[in-house]
Amino acid sequence: MSSIINFISGLDGQQKAIVSYLHQRLAEHHGLVQHIKYEIPMYYRKSWVCYLNPIKNEGIELAFLNGHKLSNDQGILDRKKRKMVAGIDLYHVSKIPERQIDEIVQEAIILDDLAKSKR
């Protein structure tokens, strides 16, 4: 069993549904590679792009490691007083803003492609 399957199987309810959905989008649609690091799924190309972090109240945060460099034209990223990371808290799979998230992921991938590899 793969590490992401193990991670997902340890979740319940909406967290399980959200991580399953986002994993499929990030891995298959955007071509990001996943590893479990710090006990959560992290996605990368040349370097770490984003991660999925369980949060209270059955939610998942989709967080971008270089969120401070993203335009946030969609207005949905929250830095939560963090210097670099910005993310989106998601609580129900049916309310995932797919188009906006795809735009943010594409921008993060472009930034990653332009950066030197630090992996």
# chains A, B, ... in the order shown; residues from 1 in each chain; ligands from 1

call {"tool": "select_by_dssp", "arguments": {"residues": "chain A", "states": "strand (DSSP E)", "output": "MDAnalysis selection string"}}
result
chainID A and resid 33:37 40:44 48:55 59:64 86:90

call {"tool": "residues_around", "arguments": {"residues": "His68 in chain A", "least_positions_apart": "5", "cutoff": "9 Å", "atoms": "only C-alpha atoms", "output": "ChimeraX atom specification"}}
result
/A:79,82-86

call {"tool": "closest_atom_pairs", "arguments": {"of": "range 12-89 of chain A", "to": "range 94-100 of chain A", "cutoff": "12 Å", "atoms": "only C-alpha atoms", "output": "JSON lines"}}
result
{"residue": "A:Gln14", "atom": "CA", "partner": "A:Ser94", "partner_atom": "CA", "distance": 9.7}
{"residue": "A:Ala17", "atom": "CA", "partner": "A:Ser94", "partner_atom": "CA", "distance": 9.5}
{"residue": "A:Ile18", "atom": "CA", "partner": "A:Ile96", "partner_atom": "CA", "distance": 8.3}
{"residue": "A:Val19", "atom": "CA", "partner": "A:Ile96", "partner_atom": "CA", "distance": 11.2}
{"residue": "A:Tyr21", "atom": "CA", "partner": "A:Ile96", "partner_atom": "CA", "distance": 9.4}
{"residue": "A:Leu22", "atom": "CA", "partner": "A:Ile96", "partner_atom": "CA", "distance": 9.1}
{"residue": "A:Arg25", "atom": "CA", "partner": "A:Glu98", "partner_atom": "CA", "distance": 9.1}
{"residue": "A:Leu26", "atom": "CA", "partner": "A:Glu98", "partner_atom": "CA", "distance": 11.2}
{"residue": "A:His29", "atom": "CA", "partner": "A:Glu98", "partner_atom": "CA", "distance": 11.5}
{"residue": "A:Gly59", "atom": "CA", "partner": "A:Ile96", "partner_atom": "CA", "distance": 11.4}
{"residue": "A:Ile60", "atom": "CA", "partner": "A:Ile96", "partner_atom": "CA", "distance": 10.8}
{"residue": "A:Glu61", "atom": "CA", "partner": "A:Ile96", "partner_atom": "CA", "distance": 11.3}
{"residue": "A:Leu62", "atom": "CA", "partner": "A:Ile96", "partner_atom": "CA", "distance": 10.6}
{"residue": "A:Ser71", "atom": "CA", "partner": "A:Gln100", "partner_atom": "CA", "distance": 12.0}
{"residue": "A:Asn72", "atom": "CA", "partner": "A:Gln100", "partner_atom": "CA", "distance": 9.5}
{"residue": "A:Asp73", "atom": "CA", "partner": "A:Gln100", "partner_atom": "CA", "distance": 9.0}
{"residue": "A:Gln74", "atom": "CA", "partner": "A:Gln100", "partner_atom": "CA", "distance": 6.1}
{"residue": "A:Gly75", "atom": "CA", "partner": "A:Gln100", "partner_atom": "CA", "distance": 9.0}
{"residue": "A:Ile76", "atom": "CA", "partner": "A:Gln100", "partner_atom": "CA", "distance": 8.1}
{"residue": "A:Leu77", "atom": "CA", "partner": "A:Gln100", "partner_atom": "CA", "distance": 10.1}
{"residue": "A:Ile88", "atom": "CA", "partner": "A:Ile96", "partner_atom": "CA", "distance": 9.6}
{"residue": "A:Asp89", "atom": "CA", "partner": "A:Ile96", "partner_atom": "CA", "distance": 9.5}

call {"tool": "write_last_selection", "arguments": {"atoms": "N, CA, C and O atoms", "output": "mmCIF file, in the first residue's frame"}}
result
data_model
loop_
_atom_site.group_PDB
_atom_site.id
_atom_site.type_symbol
_atom_site.label_atom_id
_atom_site.label_comp_id
_atom_site.auth_asym_id
_atom_site.auth_seq_id
_atom_site.Cartn_x
_atom_site.Cartn_y
_atom_site.Cartn_z
ATOM 1 N N GLN A 14 -15.075 14.196 5.760
ATOM 2 C CA GLN A 14 -14.701 15.162 4.729
ATOM 3 C C GLN A 14 -13.198 15.254 4.537
ATOM 4 O O GLN A 14 -12.727 15.499 3.432
ATOM 5 N N ALA A 17 -12.368 12.617 2.060
ATOM 6 C CA ALA A 17 -12.875 12.970 0.730
ATOM 7 C C ALA A 17 -12.050 14.096 0.101
ATOM 8 O O ALA A 17 -11.715 14.043 -1.088
ATOM 9 N N ILE A 18 -11.710 15.096 0.891
ATOM 10 C CA ILE A 18 -10.957 16.246 0.383
ATOM 11 C C ILE A 18 -9.547 15.823 -0.028
ATOM 12 O O ILE A 18 -9.075 16.164 -1.118
ATOM 13 N N VAL A 19 -8.850 15.065 0.819
ATOM 14 C CA VAL A 19 -7.490 14.636 0.497
ATOM 15 C C VAL A 19 -7.499 13.721 -0.724
ATOM 16 O O VAL A 19 -6.656 13.860 -1.618
ATOM 17 N N TYR A 21 -9.623 13.710 -3.211
ATOM 18 C CA TYR A 21 -9.885 14.545 -4.380
ATOM 19 C C TYR A 21 -8.655 15.382 -4.752
ATOM 20 O O TYR A 21 -8.232 15.410 -5.910
ATOM 21 N N LEU A 22 -8.081 16.078 -3.774
ATOM 22 C CA LEU A 22 -6.937 16.949 -4.062
ATOM 23 C C LEU A 22 -5.720 16.141 -4.501
ATOM 24 O O LEU A 22 -4.971 16.583 -5.379
ATOM 25 N N ARG A 25 -6.146 15.451 -8.129
ATOM 26 C CA ARG A 25 -5.924 16.660 -8.934
ATOM 27 C C ARG A 25 -4.438 17.009 -9.001
ATOM 28 O O ARG A 25 -3.919 17.316 -10.066
ATOM 29 N N LEU A 26 -3.766 16.999 -7.857
ATOM 30 C CA LEU A 26 -2.367 17.406 -7.815
ATOM 31 C C LEU A 26 -1.463 16.410 -8.543
ATOM 32 O O LEU A 26 -0.570 16.808 -9.295
ATOM 33 N N HIS A 29 -3.690 15.468 -12.555
ATOM 34 C CA HIS A 29 -3.980 16.618 -13.417
ATOM 35 C C HIS A 29 -2.770 17.554 -13.549
ATOM 36 O O HIS A 29 -2.495 18.065 -14.625
ATOM 37 N N GLY A 59 -11.407 19.813 8.517
ATOM 38 C CA GLY A 59 -10.925 20.483 7.319
ATOM 39 C C GLY A 59 -9.538 20.035 6.906
ATOM 40 O O GLY A 59 -8.845 19.307 7.619
ATOM 41 N N ILE A 60 -9.158 20.494 5.729
ATOM 42 C CA ILE A 60 -7.822 20.272 5.176
ATOM 43 C C ILE A 60 -7.326 21.605 4.643
ATOM 44 O O ILE A 60 -8.071 22.324 3.969
ATOM 45 N N GLU A 61 -6.084 21.939 4.950
ATOM 46 C CA GLU A 61 -5.477 23.119 4.346
ATOM 47 C C GLU A 61 -4.601 22.667 3.187
ATOM 48 O O GLU A 61 -3.743 21.806 3.332
ATOM 49 N N LEU A 62 -4.860 23.251 2.015
ATOM 50 C CA LEU A 62 -3.965 23.115 0.863
ATOM 51 C C LEU A 62 -3.028 24.310 0.966
ATOM 52 O O LEU A 62 -3.446 25.460 0.770
ATOM 53 N N SER A 71 0.412 35.428 -6.672
ATOM 54 C CA SER A 71 -0.339 36.671 -6.877
ATOM 55 C C SER A 71 -1.601 36.749 -6.035
ATOM 56 O O SER A 71 -2.023 37.837 -5.669
ATOM 57 N N ASN A 72 -2.220 35.628 -5.739
ATOM 58 C CA ASN A 72 -3.501 35.554 -5.046
ATOM 59 C C ASN A 72 -4.577 36.378 -5.753
ATOM 60 O O ASN A 72 -5.427 37.005 -5.125
ATOM 61 N N ASP A 73 -4.527 36.392 -7.073
ATOM 62 C CA ASP A 73 -5.562 37.081 -7.858
ATOM 63 C C ASP A 73 -6.951 36.530 -7.556
ATOM 64 O O ASP A 73 -7.947 37.226 -7.714
ATOM 65 N N GLN A 74 -7.013 35.289 -7.137
ATOM 66 C CA GLN A 74 -8.288 34.642 -6.832
ATOM 67 C C GLN A 74 -8.837 35.087 -5.471
ATOM 68 O O GLN A 74 -10.015 34.909 -5.194
ATOM 69 N N GLY A 75 -7.985 35.635 -4.622
ATOM 70 C CA GLY A 75 -8.402 36.141 -3.323
ATOM 71 C C GLY A 75 -8.745 35.063 -2.304
ATOM 72 O O GLY A 75 -9.442 35.338 -1.334
ATOM 73 N N ILE A 76 -8.230 33.845 -2.489
ATOM 74 C CA ILE A 76 -8.601 32.772 -1.561
ATOM 75 C C ILE A 76 -7.433 32.264 -0.714
ATOM 76 O O ILE A 76 -7.641 31.444 0.172
ATOM 77 N N LEU A 77 -6.227 32.756 -0.963
ATOM 78 C CA LEU A 77 -5.079 32.337 -0.158
ATOM 79 C C LEU A 77 -5.030 33.131 1.137
ATOM 80 O O LEU A 77 -5.278 34.335 1.157
ATOM 81 N N ILE A 88 -5.265 27.496 1.671
ATOM 82 C CA ILE A 88 -6.714 27.548 1.528
ATOM 83 C C ILE A 88 -7.294 26.483 2.444
ATOM 84 O O ILE A 88 -6.946 25.302 2.308
ATOM 85 N N ASP A 89 -8.148 26.871 3.373
ATOM 86 C CA ASP A 89 -8.826 25.913 4.234
ATOM 87 C C ASP A 89 -10.071 25.405 3.526
ATOM 88 O O ASP A 89 -10.897 26.194 3.061
#

call {"tool": "residues_around", "arguments": {"residues": "Cys50 in chain A", "least_positions_apart": "2", "cutoff": "6 Å", "atoms": "only C-alpha atoms", "output": "PyMOL selection string"}}
result
chain A and resi 42-43+63-65

call {"tool": "write_last_selection", "arguments": {"atoms": "N, CA, C and O atoms", "output": "mmCIF file, in the first residue's frame"}}
result
data_model
loop_
_atom_site.group_PDB
_atom_site.id
_atom_site.type_symbol
_atom_site.label_atom_id
_atom_site.label_comp_id
_atom_site.auth_asym_id
_atom_site.auth_seq_id
_atom_site.Cartn_x
_atom_site.Cartn_y
_atom_site.Cartn_z
ATOM 1 N N MET A 42 3.171 15.854 0.824
ATOM 2 C CA MET A 42 3.800 17.029 0.233
ATOM 3 C C MET A 42 4.001 16.741 -1.244
ATOM 4 O O MET A 42 4.317 15.622 -1.629
ATOM 5 N N TYR A 43 3.820 17.758 -2.074
ATOM 6 C CA TYR A 43 3.873 17.607 -3.527
ATOM 7 C C TYR A 43 4.978 18.485 -4.094
ATOM 8 O O TYR A 43 5.138 19.623 -3.678
ATOM 9 N N ALA A 63 -1.774 24.045 1.330
ATOM 10 C CA ALA A 63 -0.825 25.123 1.601
ATOM 11 C C ALA A 63 0.302 25.120 0.587
ATOM 12 O O ALA A 63 0.773 24.068 0.159
ATOM 13 N N PHE A 64 0.732 26.320 0.210
ATOM 14 C CA PHE A 64 1.784 26.512 -0.777
ATOM 15 C C PHE A 64 3.013 27.073 -0.081
ATOM 16 O O PHE A 64 2.937 28.124 0.564
ATOM 17 N N LEU A 65 4.139 26.360 -0.216
ATOM 18 C CA LEU A 65 5.340 26.730 0.509
ATOM 19 C C LEU A 65 5.864 28.111 0.133
ATOM 20 O O LEU A 65 6.422 28.807 0.961
#

call {"tool": "closest_residue", "arguments": {"among": "A:Lys80, A:Ile8, A:His92, A:Glu103", "to": "Glu39 in chain A", "atoms": "only C-alpha atoms"}}
result
A:Ile8

call {"tool": "residues_around", "arguments": {"residues": "His35 in chain A", "least_positions_apart": "3", "cutoff": "12 Å", "atoms": "only C-alpha atoms", "output": "list in words"}}
result
Ser2, Ser3, Ile4, Ile5, Asn6, Phe7, His23, Ala27, Leu32, Tyr38, Glu39, Ile40, Pro41, Met42, Tyr43, Tyr44, Arg45, Ser47, Trp48, Val49, Cys50, Tyr51 and Leu52 of chain A

call {"tool": "write_last_selection", "arguments": {"atoms": "N, CA, C and O atoms", "output": "PDB file, in the first residue's frame"}}
result
ATOM      1  N   SER A   2       0.563   2.203  -0.859  1.00  0.00           N
ATOM      2  CA  SER A   2       1.402   3.398  -0.957  1.00  0.00           C
ATOM      3  C   SER A   2       1.221   4.296   0.264  1.00  0.00           C
ATOM      4  O   SER A   2       0.233   4.198   0.997  1.00  0.00           O
ATOM      5  N   SER A   3       2.182   5.180   0.459  1.00  0.00           N
ATOM      6  CA  SER A   3       2.148   6.054   1.630  1.00  0.00           C
ATOM      7  C   SER A   3       0.937   6.985   1.620  1.00  0.00           C
ATOM      8  O   SER A   3       0.374   7.257   2.671  1.00  0.00           O
ATOM      9  N   ILE A   4       0.517   7.474   0.446  1.00  0.00           N
ATOM     10  CA  ILE A   4      -0.656   8.355   0.405  1.00  0.00           C
ATOM     11  C   ILE A   4      -1.917   7.570   0.728  1.00  0.00           C
ATOM     12  O   ILE A   4      -2.809   8.077   1.408  1.00  0.00           O
ATOM     13  N   ILE A   5      -2.009   6.322   0.291  1.00  0.00           N
ATOM     14  CA  ILE A   5      -3.168   5.492   0.613  1.00  0.00           C
ATOM     15  C   ILE A   5      -3.222   5.256   2.118  1.00  0.00           C
ATOM     16  O   ILE A   5      -4.300   5.318   2.728  1.00  0.00           O
ATOM     17  N   ASN A   6      -2.083   4.989   2.731  1.00  0.00           N
ATOM     18  CA  ASN A   6      -2.026   4.839   4.193  1.00  0.00           C
ATOM     19  C   ASN A   6      -2.486   6.115   4.891  1.00  0.00           C
ATOM     20  O   ASN A   6      -3.220   6.061   5.870  1.00  0.00           O
ATOM     21  N   PHE A   7      -2.018   7.259   4.387  1.00  0.00           N
ATOM     22  CA  PHE A   7      -2.406   8.538   4.986  1.00  0.00           C
ATOM     23  C   PHE A   7      -3.915   8.743   4.868  1.00  0.00           C
ATOM     24  O   PHE A   7      -4.580   9.068   5.852  1.00  0.00           O
ATOM     25  N   HIS A  23      -5.516  14.982  -3.905  1.00  0.00           N
ATOM     26  CA  HIS A  23      -4.387  14.143  -4.329  1.00  0.00           C
ATOM     27  C   HIS A  23      -4.518  13.797  -5.810  1.00  0.00           C
ATOM     28  O   HIS A  23      -3.553  13.906  -6.564  1.00  0.00           O
ATOM     29  N   ALA A  27      -1.708  15.125  -8.347  1.00  0.00           N
ATOM     30  CA  ALA A  27      -0.841  14.104  -8.945  1.00  0.00           C
ATOM     31  C   ALA A  27      -1.159  13.857 -10.414  1.00  0.00           C
ATOM     32  O   ALA A  27      -0.268  13.875 -11.255  1.00  0.00           O
ATOM     33  N   LEU A  32       2.214  16.575 -10.231  1.00  0.00           N
ATOM     34  CA  LEU A  32       3.105  16.723  -9.087  1.00  0.00           C
ATOM     35  C   LEU A  32       3.372  15.355  -8.471  1.00  0.00           C
ATOM     36  O   LEU A  32       2.513  14.475  -8.468  1.00  0.00           O
ATOM     37  N   TYR A  38       7.077  14.871   7.135  1.00  0.00           N
ATOM     38  CA  TYR A  38       6.513  15.484   8.337  1.00  0.00           C
ATOM     39  C   TYR A  38       5.098  14.954   8.597  1.00  0.00           C
ATOM     40  O   TYR A  38       4.229  15.675   9.070  1.00  0.00           O
ATOM     41  N   GLU A  39       4.873  13.705   8.204  1.00  0.00           N
ATOM     42  CA  GLU A  39       3.618  12.974   8.419  1.00  0.00           C
ATOM     43  C   GLU A  39       2.424  13.532   7.652  1.00  0.00           C
ATOM     44  O   GLU A  39       1.274  13.265   7.996  1.00  0.00           O
ATOM     45  N   ILE A  40       2.678  14.311   6.593  1.00  0.00           N
ATOM     46  CA  ILE A  40       1.610  14.822   5.728  1.00  0.00           C
ATOM     47  C   ILE A  40       2.033  14.694   4.264  1.00  0.00           C
ATOM     48  O   ILE A  40       3.226  14.630   3.971  1.00  0.00           O
ATOM     49  N   PRO A  41       1.061  14.668   3.334  1.00  0.00           N
ATOM     50  CA  PRO A  41       1.423  14.603   1.910  1.00  0.00           C
ATOM     51  C   PRO A  41       1.990  15.933   1.422  1.00  0.00           C
ATOM     52  O   PRO A  41       1.369  16.981   1.598  1.00  0.00           O
ATOM     53  N   MET A  42       3.171  15.854   0.824  1.00  0.00           N
ATOM     54  CA  MET A  42       3.800  17.029   0.233  1.00  0.00           C
ATOM     55  C   MET A  42       4.001  16.741  -1.244  1.00  0.00           C
ATOM     56  O   MET A  42       4.317  15.622  -1.629  1.00  0.00           O
ATOM     57  N   TYR A  43       3.820  17.758  -2.074  1.00  0.00           N
ATOM     58  CA  TYR A  43       3.873  17.607  -3.527  1.00  0.00           C
ATOM     59  C   TYR A  43       4.978  18.485  -4.094  1.00  0.00           C
ATOM     60  O   TYR A  43       5.138  19.623  -3.678  1.00  0.00           O
ATOM     61  N   TYR A  44       5.721  17.934  -5.062  1.00  0.00           N
ATOM     62  CA  TYR A  44       6.839  18.683  -5.617  1.00  0.00           C
ATOM     63  C   TYR A  44       7.024  18.409  -7.097  1.00  0.00           C
ATOM     64  O   TYR A  44       6.457  17.488  -7.664  1.00  0.00           O
ATOM     65  N   ARG A  45       7.823  19.253  -7.705  1.00  0.00           N
ATOM     66  CA  ARG A  45       8.391  19.030  -9.045  1.00  0.00           C
ATOM     67  C   ARG A  45       9.894  19.142  -8.865  1.00  0.00           C
ATOM     68  O   ARG A  45      10.553  18.187  -8.560  1.00  0.00           O
ATOM     69  N   SER A  47      11.151  21.356  -6.557  1.00  0.00           N
ATOM     70  CA  SER A  47      11.212  21.560  -5.110  1.00  0.00           C
ATOM     71  C   SER A  47       9.792  21.401  -4.566  1.00  0.00           C
ATOM     72  O   SER A  47       8.850  21.173  -5.323  1.00  0.00           O
ATOM     73  N   TRP A  48       9.613  21.545  -3.275  1.00  0.00           N
ATOM     74  CA  TRP A  48       8.292  21.394  -2.670  1.00  0.00           C
ATOM     75  C   TRP A  48       7.383  22.530  -3.130  1.00  0.00           C
ATOM     76  O   TRP A  48       7.733  23.700  -3.012  1.00  0.00           O
ATOM     77  N   VAL A  49       6.213  22.177  -3.627  1.00  0.00           N
ATOM     78  CA  VAL A  49       5.249  23.145  -4.150  1.00  0.00           C
ATOM     79  C   VAL A  49       4.128  23.383  -3.146  1.00  0.00           C
ATOM     80  O   VAL A  49       3.796  24.515  -2.826  1.00  0.00           O
ATOM     81  N   CYS A  50       3.526  22.290  -2.647  1.00  0.00           N
ATOM     82  CA  CYS A  50       2.398  22.435  -1.730  1.00  0.00           C
ATOM     83  C   CYS A  50       2.269  21.198  -0.857  1.00  0.00           C
ATOM     84  O   CYS A  50       2.960  20.200  -1.072  1.00  0.00           O
ATOM     85  N   TYR A  51       1.385  21.287   0.127  1.00  0.00           N
ATOM     86  CA  TYR A  51       1.122  20.149   0.995  1.00  0.00           C
ATOM     87  C   TYR A  51      -0.325  20.181   1.453  1.00  0.00           C
ATOM     88  O   TYR A  51      -1.010  21.206   1.355  1.00  0.00           O
ATOM     89  N   LEU A  52      -0.783  19.032   1.947  1.00  0.00           N
ATOM     90  CA  LEU A  52      -2.144  18.889   2.474  1.00  0.00           C
ATOM     91  C   LEU A  52      -2.027  18.644   3.968  1.00  0.00           C
ATOM     92  O   LEU A  52      -1.394  17.676   4.397  1.00  0.00           O
TER      93      LEU A  52
END

call {"tool": "closest_residue", "arguments": {"among": "A:Asn53, A:Asn66, A:Gln24, A:Ser9", "to": "Lys37 in chain A", "atoms": "only C-alpha atoms"}}
result
A:Asn53

call {"tool": "atom_distance", "arguments": {"atom1": "CA of Ala115 in chain A", "atom2": "CA of Val33 in chain A"}}
result
17.0 Å

call {"tool": "decode", "arguments": {"residues": "range 8-78 of chain A", "atoms": "C-alpha atoms", "output": "mmCIF file, in the first residue's frame"}}
result
data_model
loop_
_atom_site.group_PDB
_atom_site.id
_atom_site.type_symbol
_atom_site.label_atom_id
_atom_site.label_comp_id
_atom_site.auth_asym_id
_atom_site.auth_seq_id
_atom_site.Cartn_x
_atom_site.Cartn_y
_atom_site.Cartn_z
ATOM 1 C CA ILE A 8 -5.895 8.737 3.441
ATOM 2 C CA SER A 9 -7.040 5.554 5.181
ATOM 3 C CA GLY A 10 -6.225 7.190 8.525
ATOM 4 C CA LEU A 11 -8.654 10.043 7.836
ATOM 5 C CA ASP A 12 -12.437 10.175 8.235
ATOM 6 C CA GLY A 13 -15.367 12.019 6.694
ATOM 7 C CA GLN A 14 -14.701 15.162 4.729
ATOM 8 C CA GLN A 15 -10.973 15.093 5.430
ATOM 9 C CA LYS A 16 -10.742 11.739 3.643
ATOM 10 C CA ALA A 17 -12.875 12.970 0.730
ATOM 11 C CA ILE A 18 -10.957 16.246 0.383
ATOM 12 C CA VAL A 19 -7.490 14.636 0.497
ATOM 13 C CA SER A 20 -8.551 11.924 -1.969
ATOM 14 C CA TYR A 21 -9.885 14.545 -4.380
ATOM 15 C CA LEU A 22 -6.937 16.949 -4.062
ATOM 16 C CA HIS A 23 -4.387 14.143 -4.329
ATOM 17 C CA GLN A 24 -5.939 13.060 -7.622
ATOM 18 C CA ARG A 25 -5.924 16.660 -8.934
ATOM 19 C CA LEU A 26 -2.367 17.406 -7.815
ATOM 20 C CA ALA A 27 -0.841 14.104 -8.945
ATOM 21 C CA GLU A 28 -2.773 13.266 -12.096
ATOM 22 C CA HIS A 29 -3.980 16.618 -13.417
ATOM 23 C CA HIS A 30 -0.965 18.737 -12.463
ATOM 24 C CA GLY A 31 1.720 16.045 -12.553
ATOM 25 C CA LEU A 32 3.105 16.723 -9.087
ATOM 26 C CA VAL A 33 4.963 13.952 -7.268
ATOM 27 C CA GLN A 34 3.848 13.118 -3.725
ATOM 28 C CA HIS A 35 5.850 12.054 -0.689
ATOM 29 C CA ILE A 36 4.826 11.809 2.928
ATOM 30 C CA LYS A 37 7.090 14.177 4.820
ATOM 31 C CA TYR A 38 6.513 15.484 8.337
ATOM 32 C CA GLU A 39 3.618 12.974 8.419
ATOM 33 C CA ILE A 40 1.610 14.822 5.728
ATOM 34 C CA PRO A 41 1.423 14.603 1.910
ATOM 35 C CA MET A 42 3.800 17.029 0.233
ATOM 36 C CA TYR A 43 3.873 17.607 -3.527
ATOM 37 C CA TYR A 44 6.839 18.683 -5.617
ATOM 38 C CA ARG A 45 8.391 19.030 -9.045
ATOM 39 C CA LYS A 46 11.870 20.545 -8.713
ATOM 40 C CA SER A 47 11.212 21.560 -5.110
ATOM 41 C CA TRP A 48 8.292 21.394 -2.670
ATOM 42 C CA VAL A 49 5.249 23.145 -4.150
ATOM 43 C CA CYS A 50 2.398 22.435 -1.730
ATOM 44 C CA TYR A 51 1.122 20.149 0.995
ATOM 45 C CA LEU A 52 -2.144 18.889 2.474
ATOM 46 C CA ASN A 53 -2.515 19.443 6.197
ATOM 47 C CA PRO A 54 -5.449 18.243 8.328
ATOM 48 C CA ILE A 55 -6.928 21.067 10.395
ATOM 49 C CA LYS A 56 -9.551 21.238 13.124
ATOM 50 C CA ASN A 57 -13.244 20.941 12.344
ATOM 51 C CA GLU A 58 -12.795 18.208 9.717
ATOM 52 C CA GLY A 59 -10.925 20.483 7.319
ATOM 53 C CA ILE A 60 -7.822 20.272 5.176
ATOM 54 C CA GLU A 61 -5.477 23.119 4.346
ATOM 55 C CA LEU A 62 -3.965 23.115 0.863
ATOM 56 C CA ALA A 63 -0.825 25.123 1.601
ATOM 57 C CA PHE A 64 1.784 26.512 -0.777
ATOM 58 C CA LEU A 65 5.340 26.730 0.509
ATOM 59 C CA ASN A 66 6.091 29.856 -1.541
ATOM 60 C CA GLY A 67 2.640 31.321 -1.053
ATOM 61 C CA HIS A 68 4.125 34.748 -0.381
ATOM 62 C CA LYS A 69 5.278 34.816 -4.019
ATOM 63 C CA LEU A 70 1.868 33.907 -5.479
ATOM 64 C CA SER A 71 -0.339 36.671 -6.877
ATOM 65 C CA ASN A 72 -3.501 35.554 -5.046
ATOM 66 C CA ASP A 73 -5.562 37.081 -7.858
ATOM 67 C CA GLN A 74 -8.288 34.642 -6.832
ATOM 68 C CA GLY A 75 -8.402 36.141 -3.323
ATOM 69 C CA ILE A 76 -8.601 32.772 -1.561
ATOM 70 C CA LEU A 77 -5.079 32.337 -0.158
ATOM 71 C CA ASP A 78 -4.584 33.085 3.544
#
